[in-house]
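Input: a single structure, listed below in structure tokens.
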Amino acid sequence: MRLRIDLAYDGADFRGWAAQPGLRTVQAELTSALTTVLRLPEGSLRVTCAGRTDSGVHARGQVAHVDVPEDAEQGSETAARQLGQLDVLARRVNGVLAKDARVRRISVAPEAFDARFAALWRRYAYRIVDDPARVDPLVRNHVLFWPRALDVAAMDEAARSLVGLHDFAAFCKHREGATTIRTLLEFGWTRTSEGMLLGHVQADAFCHSMVRALVGCMIAVGEGRKDPAWAAEILTGRRRDQNVVVVPAHGLTLEEVAYPDDAELAERVAQASARRTLAEGAEG
């Protein structure tokens, strides 16, 4: 049985999503809680997520899946009952998790569902306050406080110039054998009624540190150190520029992940598993 898990977490005290020996991570905590509640042997579950958030990054709309072994479904009465009442399972998992992570819902995944490869897009938000009078210490772990005023119109212009299918190597941490070709579906900046700068970025997928590097580029434009056209120049250069600073993780939140209709899941998984090229726009 494959289960879909919708969850949220405050990333401040997590060392990212992916399990790492001796470190507190979301994947490790969630896997441990599920294993405990279902009374399964350690190592029998592996939880896969839609977006492997970095250390300190938050999530409101993370999605994951886990395959429950057949012997759990047919085994202990407790496990079988909870798998038949997934609202009860979610409640009990939350009872084991610390308060900075919450399972919103557990459901039986449709056929061909894969939290990572079936996703159509992921949407992140980055929050910045650039007015000292509006700095609120109560949200210090979720908002970047910037000491200088930022031009949101210039940032928005620069952001929109990056939308489309591109090689984002200039904004990604290099990983051997990994593609940096992505389709940026939406990228823009607004200023809320409370004076906060809100960057919203949506793509089919992201590579390591991509969003925070994009935001760093926008801040250089917002401060007036670079003009809006500079962002596109950096993109076409396909190499990291020392003027592009990777901003802190705590201002970033994974807000939402979208999936196709059930009948289209298998096709989407096949598309996303293929190697991407700029010529074909293939995804992977």
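Residue numbers start at 1 in each chain; chains themselves are named A, B, ... in the order of the structure tokens; ligands are numbered from 1 in the order shown.
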
request  = Might you pull out every residue within 9 Å of A:Arg102, with only C-alpha atoms counted and same-chain residues fewer than 4 positions away left off, and present them as a PyMOL selection string?
outcome  = chain A and resi 6-9+90+93-94+97-98

Exercise: A:Gly251 partners within 12 Å, only C-alpha atoms, chain neighbours under 4 positions left out, as number ranges by chain = A: 10-12, 54-59, 124-129, 139-146, 196-200, 211-212, 215-216, 246-247

Counting only C-alpha atoms, the option among A:Ile234, A:Leu86, A:Cys207, A:Ala109 closest to A:Asp262 = A:Ala109

message = For A:Pro110, find every residue with an atom within 10 Å (counting only C-alpha atoms), except residues of its own chain fewer than 5 positions away, and show them as a PyMOL selection string.
response = chain A and resi 1-4+261-263+265

inquiry  = Excluding A:Arg123 and its own-chain neighbours fewer than 5 positions away, which residues fall within 9 Å of it when counting only C-alpha atoms? Please give them as a list in words.
reply    =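 Answer for this query is Gly61, Glu186, His200, Val201, Gln202, Ala203, Asp204, Thr253, Leu254, Glu255, Glu256, Val257 and Ala258 of chain A.
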
query = Skipping near chain neighbours, those fewer than 3 positions away, what residues fall within 9 Å of A:Leu162 using only C-alpha atoms, listed as an NGL selection string?
reply = :A and (158-159 or 165-166 or 184 or 186-187 or 231-232 or 235)

Stretch 130-136 of chain A environment, 6 Å, only C-alpha atoms, sequence neighbours closer than 4 positions dropped, as an NGL selection string = :A and (146-149)
